[in-house]
file my_file-v1.txt (compact mmCIF, C-alpha atoms)
# COMPACT_ATOMS: atom_id res chain seq x y z
CA MET H 1416 0.00 0.00 0.00
CA ASN H 1417 1.43 3.38 -0.94
CA LYS H 1418 1.43 6.38 1.37
CA GLU H 1419 -1.33 8.19 -0.50
CA ALA H 1420 -3.74 5.26 -0.13
CA TYR H 1421 -2.82 4.87 3.54
CA GLN H 1422 -3.49 8.55 4.23
CA LEU H 1423 -6.85 8.37 2.49
CA LEU H 1424 -7.93 5.48 4.71
CA GLU H 1425 -6.47 7.09 7.80
CA GLN H 1426 -8.33 10.36 7.22
CA TYR H 1427 -11.64 8.54 6.76
CA MET H 1428 -11.04 6.56 9.96
CA GLN H 1429 -10.27 9.73 11.90
CA GLN H 1430 -13.53 11.29 10.73
CA CYS H 1431 -15.51 8.31 12.02
CA MET H 1432 -13.88 7.68 15.41
CA GLN H 1433 -15.48 9.35 18.44
CA ASP H 1434 -15.62 6.67 21.17
CA SER H 1435 -13.12 7.24 24.01
CA ALA H 1436 -12.62 3.51 24.65
CA HIS H 1437 -12.44 2.75 20.92
CA ASP H 1438 -10.61 5.86 19.81
CA ARG H 1439 -7.97 6.52 17.17
CA GLU H 1440 -5.17 5.27 19.40
CA HIS H 1441 -7.01 1.97 19.80
CA VAL H 1442 -7.06 1.71 16.02
CA TYR H 1443 -3.32 2.37 15.76
CA ARG H 1444 -2.53 -0.16 18.50
CA VAL H 1445 -4.61 -2.77 16.68
CA LEU H 1446 -2.82 -1.95 13.43
CA TYR H 1447 0.65 -2.18 14.98
CA THR H 1448 -0.17 -5.42 16.78
CA ALA H 1449 -1.64 -6.87 13.59
CA LEU H 1450 1.57 -6.08 11.72
CA ASP H 1451 3.56 -7.76 14.50
CA ILE H 1452 1.44 -10.88 13.98
CA ALA H 1453 1.57 -10.60 10.18
CA ALA H 1454 5.36 -10.56 10.28
CA THR H 1455 5.13 -14.21 11.43
CA GLU H 1456 2.55 -15.12 8.77
CA PRO H 1457 4.21 -15.11 5.29
CA ALA H 1458 0.92 -15.59 3.46
CA ALA H 1459 -0.74 -12.49 4.93
CA ASP H 1460 -1.87 -9.75 2.54
CA TRP H 1461 -0.57 -6.60 4.24
CA ASP H 1462 -2.62 -4.22 2.10
CA VAL H 1463 -5.90 -5.89 3.03
CA LEU H 1464 -4.81 -6.13 6.66
CA ILE H 1465 -3.77 -2.47 6.95
CA ALA H 1466 -7.04 -1.28 5.42
CA ALA H 1467 -9.11 -3.58 7.63
CA CYS H 1468 -7.31 -2.50 10.79
CA LEU H 1469 -7.69 1.19 10.03
CA LEU H 1470 -11.41 0.85 9.29
CA HIS H 1471 -12.47 -1.91 11.68
CA ASP H 1472 -14.32 0.35 14.15
CA ILE H 1473 -15.83 2.97 11.83
CA GLY H 1474 -19.32 1.64 12.64
CA ARG H 1475 -19.05 2.49 16.35
CA LYS H 1476 -20.99 5.77 16.03
CA GLU H 1477 -23.99 4.02 14.51
CA GLN H 1478 -24.01 1.32 17.19
CA PHE H 1479 -23.75 3.94 19.94
CA GLU H 1480 -26.74 5.81 18.50
CA ASN H 1481 -28.69 2.57 18.00
CA PRO H 1482 -27.52 -0.32 20.22
CA ALA H 1483 -29.57 -2.74 18.11
CA LEU H 1484 -26.98 -2.33 15.37
CA CYS H 1485 -23.70 -4.28 15.22
CA HIS H 1486 -20.74 -1.98 14.65
CA ALA H 1487 -18.84 -4.75 12.85
CA GLN H 1488 -21.57 -5.21 10.25
CA VAL H 1489 -22.21 -1.48 9.88
CA GLY H 1490 -18.49 -0.80 9.59
CA ALA H 1491 -18.02 -3.58 7.04
CA GLU H 1492 -20.66 -2.04 4.79
CA LYS H 1493 -19.29 1.48 5.23
CA ALA H 1494 -15.77 0.30 4.44
CA TYR H 1495 -16.89 -1.57 1.32
CA ILE H 1496 -18.75 1.47 -0.02
CA PHE H 1497 -15.88 3.82 0.78
CA LEU H 1498 -13.29 1.59 -0.85
CA THR H 1499 -15.23 0.93 -4.04
CA GLU H 1500 -16.10 4.63 -4.37
CA ASN H 1501 -12.40 5.50 -4.07
CA SER H 1502 -11.08 3.30 -6.86
CA PHE H 1503 -10.09 0.25 -4.80
CA SER H 1504 -10.95 -3.00 -6.57
CA GLU H 1505 -14.10 -4.92 -5.66
CA PRO H 1506 -12.18 -8.07 -4.57
CA PHE H 1507 -9.99 -5.91 -2.31
CA ALA H 1508 -13.04 -4.16 -0.83
CA ALA H 1509 -14.76 -7.51 -0.30
CA ALA H 1510 -11.72 -8.93 1.51
CA VAL H 1511 -11.59 -5.91 3.82
CA LYS H 1512 -15.34 -6.14 4.38
CA HIS H 1513 -15.00 -9.76 5.52
CA CYS H 1514 -12.24 -8.86 7.98
CA ILE H 1515 -14.26 -6.06 9.56
CA GLY H 1516 -17.50 -7.99 9.63
CA THR H 1517 -15.96 -10.89 11.55
CA HIS H 1518 -13.76 -9.11 14.10
CA ARG H 1519 -16.28 -8.84 16.94
CA PHE H 1520 -15.86 -11.04 20.04
CA ARG H 1521 -19.61 -11.16 20.66
CA GLY H 1522 -20.41 -11.94 17.05
CA ASN H 1523 -21.47 -15.33 15.67
CA ASN H 1524 -19.65 -14.79 12.38
CA PRO H 1525 -16.12 -16.18 12.84
CA PRO H 1526 -13.20 -14.96 10.69
CA GLU H 1527 -12.20 -17.21 7.82
CA SER H 1528 -9.39 -15.49 5.93
CA LEU H 1529 -5.91 -15.19 7.42
CA GLU H 1530 -6.17 -11.39 7.44
CA ALA H 1531 -9.52 -11.58 9.27
CA LYS H 1532 -8.02 -13.88 11.89
CA ILE H 1533 -5.08 -11.51 12.40
CA LEU H 1534 -7.42 -8.53 12.83
CA PHE H 1535 -9.54 -10.51 15.28
CA ASP H 1536 -6.48 -11.41 17.34
CA ALA H 1537 -5.00 -7.90 17.29
CA ASP H 1538 -8.30 -6.35 18.36
CA LYS H 1539 -8.73 -8.84 21.20
CA ILE H 1540 -5.14 -8.34 22.37
CA ASP H 1541 -6.06 -4.70 23.00
CA ALA H 1542 -8.61 -5.99 25.53
CA THR H 1543 -6.06 -8.14 27.40
CA GLY H 1544 -3.82 -7.26 30.33
CA THR H 1545 -3.94 -3.97 32.20
CA LEU H 1546 -4.71 -2.12 28.97
CA GLY H 1547 -7.90 -4.15 28.57
CA ILE H 1548 -8.83 -3.42 32.19
CA ALA H 1549 -8.28 0.32 31.70
CA ARG H 1550 -10.29 0.44 28.48
CA THR H 1551 -13.15 -1.47 30.09
CA LEU H 1552 -13.24 0.93 33.04
CA VAL H 1553 -13.27 3.92 30.67
CA TYR H 1554 -16.20 2.40 28.80
CA ASN H 1555 -18.06 1.51 32.01
CA GLY H 1556 -17.66 5.08 33.23
CA LYS H 1557 -18.91 6.54 29.97
CA GLU H 1558 -21.97 4.30 30.09
CA GLY H 1559 -22.59 5.00 33.78
CA GLU H 1560 -22.12 1.35 34.69
CA PRO H 1561 -20.92 0.36 38.19
CA LEU H 1562 -17.75 -1.50 39.14
CA TYR H 1563 -19.78 -4.33 40.66
CA ARG H 1564 -23.25 -5.35 41.77
CA LEU H 1565 -24.66 -7.07 44.85
CA ASP H 1566 -26.26 -10.49 44.64
CA SER H 1567 -29.66 -11.45 46.06
CA THR H 1568 -28.14 -11.91 49.54
CA GLY H 1569 -26.52 -8.48 49.58
CA LYS H 1570 -23.01 -9.83 49.00
CA VAL H 1571 -20.65 -8.39 46.40
CA SER H 1572 -21.05 -10.48 43.26
CA ASP H 1573 -17.94 -11.61 41.39
CA GLY H 1574 -19.80 -10.99 38.12
CA THR H 1575 -20.20 -14.62 37.07
CA SER H 1576 -24.00 -14.77 37.27
CA ASP H 1577 -24.78 -11.09 36.75
CA SER H 1578 -27.23 -10.19 34.00
CA LEU H 1579 -26.78 -6.44 34.38
CA PRO H 1580 -23.56 -4.75 33.21
CA SER H 1581 -20.67 -3.88 35.52
CA PHE H 1582 -16.89 -4.11 35.39
CA PHE H 1583 -16.94 -7.48 37.18
CA GLN H 1584 -19.63 -8.77 34.81
CA GLU H 1585 -17.63 -7.70 31.75
CA TYR H 1586 -14.50 -9.30 33.15
CA LYS H 1587 -16.24 -12.63 33.67
CA PHE H 1588 -18.17 -12.51 30.40
CA LYS H 1589 -15.40 -11.33 28.10
CA LEU H 1590 -12.01 -10.36 29.53
CA GLU H 1591 -11.42 -13.64 31.36
CA LYS H 1592 -12.39 -15.71 28.32
CA LEU H 1593 -10.33 -13.92 25.70
CA TYR H 1594 -7.24 -16.05 26.10
CA ALA H 1595 -8.77 -19.16 24.57
CA ARG H 1596 -10.01 -17.34 21.48
CA PHE H 1597 -6.88 -16.52 19.49
CA TYR H 1598 -6.31 -17.87 15.99
CA THR H 1599 -2.61 -17.12 15.43
CA ALA H 1600 0.42 -18.43 17.29
CA ARG H 1601 1.90 -14.95 17.69
CA GLY H 1602 -1.41 -13.62 18.99
CA GLN H 1603 -1.51 -16.35 21.62
CA ILE H 1604 2.00 -15.48 22.77
CA ILE H 1605 1.30 -11.74 23.11
CA ALA H 1606 -1.95 -12.37 24.99
CA ALA H 1607 -0.34 -14.88 27.35
CA GLU H 1608 2.33 -12.33 28.25
CA ARG H 1609 -0.38 -9.92 29.40
CA ARG H 1610 -2.76 -12.30 31.10
CA GLN H 1611 -1.48 -12.37 34.68
CA THR H 1612 -1.69 -8.61 35.18
CA ALA H 1613 -5.41 -8.67 34.35
CA VAL H 1614 -6.05 -11.66 36.62
CA SER H 1615 -4.23 -9.97 39.50
CA PHE H 1616 -6.09 -6.69 39.03
CA TYR H 1617 -9.50 -8.38 39.06
CA ASN H 1618 -8.70 -10.59 42.05
CA ASP H 1619 -7.25 -7.69 44.04
CA MET H 1620 -10.24 -5.46 43.34
CA LEU H 1621 -12.70 -8.20 44.26
CA ARG H 1622 -10.82 -8.90 47.49
CA GLU H 1623 -10.65 -5.23 48.45
CA VAL H 1624 -14.32 -4.56 47.75
CA ARG H 1625 -15.51 -7.66 49.59
CA ALA H 1626 -13.26 -6.86 52.55
CA ALA H 1627 -14.78 -3.39 52.84
CA TYR H 1628 -18.30 -4.81 52.89
CA THR H 1629 -17.53 -7.70 55.25
CA THR H 1630 -15.72 -5.59 57.82
CA GLY H 1631 -17.86 -2.48 57.49
CA GLN H 1632 -21.22 -4.22 57.59
CA ALA H 1633 -20.25 -6.14 60.73
CA LEU H 1634 -19.14 -2.94 62.46
CA LEU H 1635 -22.29 -1.13 61.39
CA GLU H 1636 -24.53 -3.89 62.74
CA LYS H 1637 -22.64 -3.90 66.03
CA SER H 1638 -22.94 -0.14 66.30
CA LEU H 1639 -26.67 -0.21 65.63
CA GLU H 1640 -27.19 -2.94 68.23
CA THR H 1641 -25.30 -1.12 70.99
CA SER H 1642 -26.24 2.48 70.29
CA THR H 1643 -28.55 4.33 72.69
CA GLN H 1644 -31.88 5.36 71.22
CA ILE H 1645 -31.77 8.98 70.13
CA SER H 1646 -34.84 11.12 70.52
CA TYR H 1647 -35.53 13.53 67.69
CA GLU H 1648 -38.36 15.37 69.46
call {"tool": "encode", "arguments": {"input": "my_file-v1.txt", "output": "structure tokens"}}
result
Amino acid sequence: MNKEAYQLLEQYMQQCMQDSAHDREHVYRVLYTALDIAATEPAADWDVLIAACLLHDIGRKEQFENPALCHAQVGAEKAYIFLTENSFSEPFAAAVKHCIGTHRFRGNNPPESLEAKILFDADKIDATGTLGIARTLVYNGKEGEPLYRLDSTGKVSDGTSDSLPSFFQEYKFKLEKLYARFYTARGQIIAAERRQTAVSFYNDMLREVRAAYTTGQALLEKSLETSTQISYE
């Protein structure tokens, strides 16, 4: 891919990106990680991969405005139209469209091409380790979602059985399960290097939160039992 084509794609991506957790820097990290993986995959088409990485999240705005939409599918269509309208070949646009349409963790449309698998891995690597924790917390804050929820007994839930969103719920639903979902050998290595920091962060936060509730609730109950009745008359 020449510099002029790259800059055209980059400018279009920058126009589309507005989400703080899925911002331009996320796109660049995914691109750089994808190239790291591609360097170990001789059959990879770098032009398709670069275009797909740059444009993989351009459907985020539409999904944010209408949560019923899938940003991967919206973005795939937008990318295909943009590429064909800007003199890229139809086969090239179709290859990029497939990569973008299959990159989502929650999707039921798995990647098939090598480039799609590399994009999938690079995007998921950006949700691993402490970086993945930080991005999840940014997103939770933007959406007004809590760090954790209480279960039916009033105890702090670890997120495993939660139906409502929280940081703990997202960790158990997605972040903890990422490490078994990589397609490339290099992707597996990078993710494994980051895994323990995420595990430690989650376990430490859960321990600290539960300790606050366990100790504090016991002290509060004791205080209420021993306190003298106060008259407000």
call {"tool": "closest_residue", "arguments": {"input": "my_file-v1.txt", "among": "H:Gln1430, H:Asn1501, H:Ser1581, H:Thr1448", "to": "H:Asp1472", "atoms": "all atoms listed in the file"}}
result
H:Gln1430
call {"tool": "residues_around", "arguments": {"input": "my_file-v1.txt", "residues": "H:Ala1537", "least_positions_apart": "2", "cutoff": "12 Å", "atoms": "only C-alpha atoms", "output": "NGL selection string"}}
result
:H and (1441-1453 or 1464-1465 or 1467-1469 or 1471 or 1514 or 1518-1520 or 1530-1535 or 1539-1543 or 1593 or 1596-1606)
call {"tool": "write_last_selection", "arguments": {"input": "my_file-v1.txt", "atoms": "C-alpha atoms", "output": "mmCIF file, in the frame of the given file"}}
result
data_model
loop_
_atom_site.group_PDB
_atom_site.id
_atom_site.type_symbol
_atom_site.label_atom_id
_atom_site.label_comp_id
_atom_site.auth_asym_id
_atom_site.auth_seq_id
_atom_site.Cartn_x
_atom_site.Cartn_y
_atom_site.Cartn_z
ATOM 1 C CA HIS H 1441 -7.010 1.970 19.800
ATOM 2 C CA VAL H 1442 -7.060 1.710 16.020
ATOM 3 C CA TYR H 1443 -3.320 2.370 15.760
ATOM 4 C CA ARG H 1444 -2.530 -0.160 18.500
ATOM 5 C CA VAL H 1445 -4.610 -2.770 16.680
ATOM 6 C CA LEU H 1446 -2.820 -1.950 13.430
ATOM 7 C CA TYR H 1447 0.650 -2.180 14.980
ATOM 8 C CA THR H 1448 -0.170 -5.420 16.780
ATOM 9 C CA ALA H 1449 -1.640 -6.870 13.590
ATOM 10 C CA LEU H 1450 1.570 -6.080 11.720
ATOM 11 C CA ASP H 1451 3.560 -7.760 14.500
ATOM 12 C CA ILE H 1452 1.440 -10.880 13.980
ATOM 13 C CA ALA H 1453 1.570 -10.600 10.180
ATOM 14 C CA LEU H 1464 -4.810 -6.130 6.660
ATOM 15 C CA ILE H 1465 -3.770 -2.470 6.950
ATOM 16 C CA ALA H 1467 -9.110 -3.580 7.630
ATOM 17 C CA CYS H 1468 -7.310 -2.500 10.790
ATOM 18 C CA LEU H 1469 -7.690 1.190 10.030
ATOM 19 C CA HIS H 1471 -12.470 -1.910 11.680
ATOM 20 C CA CYS H 1514 -12.240 -8.860 7.980
ATOM 21 C CA HIS H 1518 -13.760 -9.110 14.100
ATOM 22 C CA ARG H 1519 -16.280 -8.840 16.940
ATOM 23 C CA PHE H 1520 -15.860 -11.040 20.040
ATOM 24 C CA GLU H 1530 -6.170 -11.390 7.440
ATOM 25 C CA ALA H 1531 -9.520 -11.580 9.270
ATOM 26 C CA LYS H 1532 -8.020 -13.880 11.890
ATOM 27 C CA ILE H 1533 -5.080 -11.510 12.400
ATOM 28 C CA LEU H 1534 -7.420 -8.530 12.830
ATOM 29 C CA PHE H 1535 -9.540 -10.510 15.280
ATOM 30 C CA LYS H 1539 -8.730 -8.840 21.200
ATOM 31 C CA ILE H 1540 -5.140 -8.340 22.370
ATOM 32 C CA ASP H 1541 -6.060 -4.700 23.000
ATOM 33 C CA ALA H 1542 -8.610 -5.990 25.530
ATOM 34 C CA THR H 1543 -6.060 -8.140 27.400
ATOM 35 C CA LEU H 1593 -10.330 -13.920 25.700
ATOM 36 C CA ARG H 1596 -10.010 -17.340 21.480
ATOM 37 C CA PHE H 1597 -6.880 -16.520 19.490
ATOM 38 C CA TYR H 1598 -6.310 -17.870 15.990
ATOM 39 C CA THR H 1599 -2.610 -17.120 15.430
ATOM 40 C CA ALA H 1600 0.420 -18.430 17.290
ATOM 41 C CA ARG H 1601 1.900 -14.950 17.690
ATOM 42 C CA GLY H 1602 -1.410 -13.620 18.990
ATOM 43 C CA GLN H 1603 -1.510 -16.350 21.620
ATOM 44 C CA ILE H 1604 2.000 -15.480 22.770
ATOM 45 C CA ILE H 1605 1.300 -11.740 23.110
ATOM 46 C CA ALA H 1606 -1.950 -12.370 24.990
#
call {"tool": "atom_distance", "arguments": {"input": "my_file-v1.txt", "atom1": "atom CA of H:Thr1455", "atom2": "atom CA of H:Tyr1594"}}
result
19.3 Å
call {"tool": "atom_distance", "arguments": {"input": "my_file-v1.txt", "atom1": "atom CA of H:Met1416", "atom2": "atom CA of H:Trp1461"}}
result
7.9 Å
call {"tool": "residues_around", "arguments": {"input": "my_file-v1.txt", "residues": "H:Gly1544", "least_positions_apart": "2", "cutoff": "10 Å", "atoms": "all atoms listed in the file", "output": "PDB file with C-alpha atoms, keeping the file's coordinate frame"}}
result
ATOM      1  CA  ILE H1540      -5.140  -8.340  22.370  1.00  0.00           C
ATOM      2  CA  ASP H1541      -6.060  -4.700  23.000  1.00  0.00           C
ATOM      3  CA  ALA H1542      -8.610  -5.990  25.530  1.00  0.00           C
ATOM      4  CA  LEU H1546      -4.710  -2.120  28.970  1.00  0.00           C
ATOM      5  CA  GLY H1547      -7.900  -4.150  28.570  1.00  0.00           C
ATOM      6  CA  ILE H1548      -8.830  -3.420  32.190  1.00  0.00           C
ATOM      7  CA  ALA H1549      -8.280   0.320  31.700  1.00  0.00           C
ATOM      8  CA  LEU H1590     -12.010 -10.360  29.530  1.00  0.00           C
ATOM      9  CA  GLU H1591     -11.420 -13.640  31.360  1.00  0.00           C
ATOM     10  CA  ILE H1605       1.300 -11.740  23.110  1.00  0.00           C
ATOM     11  CA  ALA H1606      -1.950 -12.370  24.990  1.00  0.00           C
ATOM     12  CA  ALA H1607      -0.340 -14.880  27.350  1.00  0.00           C
ATOM     13  CA  GLU H1608       2.330 -12.330  28.250  1.00  0.00           C
ATOM     14  CA  ARG H1609      -0.380  -9.920  29.400  1.00  0.00           C
ATOM     15  CA  ARG H1610      -2.760 -12.300  31.100  1.00  0.00           C
ATOM     16  CA  GLN H1611      -1.480 -12.370  34.680  1.00  0.00           C
ATOM     17  CA  THR H1612      -1.690  -8.610  35.180  1.00  0.00           C
ATOM     18  CA  ALA H1613      -5.410  -8.670  34.350  1.00  0.00           C
ATOM     19  CA  VAL H1614      -6.050 -11.660  36.620  1.00  0.00           C
ATOM     20  CA  SER H1615      -4.230  -9.970  39.500  1.00  0.00           C
ATOM     21  CA  PHE H1616      -6.090  -6.690  39.030  1.00  0.00           C
TER      22      PHE H1616
END
call {"tool": "closest_residue", "arguments": {"input": "my_file-v1.txt", "among": "H:Arg1439, H:Cys1431, H:Asn1481, H:Asn1523", "to": "H:Ala1494", "atoms": "all atoms listed in the file"}}
result
H:Cys1431
call {"tool": "residues_near_point", "arguments": {"input": "my_file-v1.txt", "point": "(-21.4, -13.0, 46.3)", "cutoff": "12 Å", "atoms": "only C-alpha atoms", "output": "VMD selection string"}}
result
chain H and resid 1563 to 1577 1583 1621 to 1622 1624 to 1626 1628 to 1629
call {"tool": "atom_distance", "arguments": {"input": "my_file-v1.txt", "atom1": "atom CA of H:Asn1618", "atom2": "atom CA of H:Glu1636"}}
result
26.9 Å
call {"tool": "closest_residue", "arguments": {"input": "my_file-v1.txt", "among": "H:Thr1641, H:Met1432, H:Leu1423, H:Tyr1617", "to": "H:Thr1545", "atoms": "all atoms listed in the file"}}
result
H:Tyr1617
call {"tool": "closest_residue", "arguments": {"input": "my_file-v1.txt", "among": "H:Ala1466, H:Cys1485, H:Lys1589, H:Leu1552", "to": "H:Lys1512", "atoms": "all atoms listed in the file"}}
result
H:Ala1466
call {"tool": "residues_near_point", "arguments": {"input": "my_file-v1.txt", "point": "(-20.2, -4.1, 9.6)", "cutoff": "12 Å", "atoms": "all atoms listed in the file", "output": "number ranges by chain"}}
result
H: 1467, 1470-1478, 1484-1496, 1509, 1511-1519, 1522, 1524
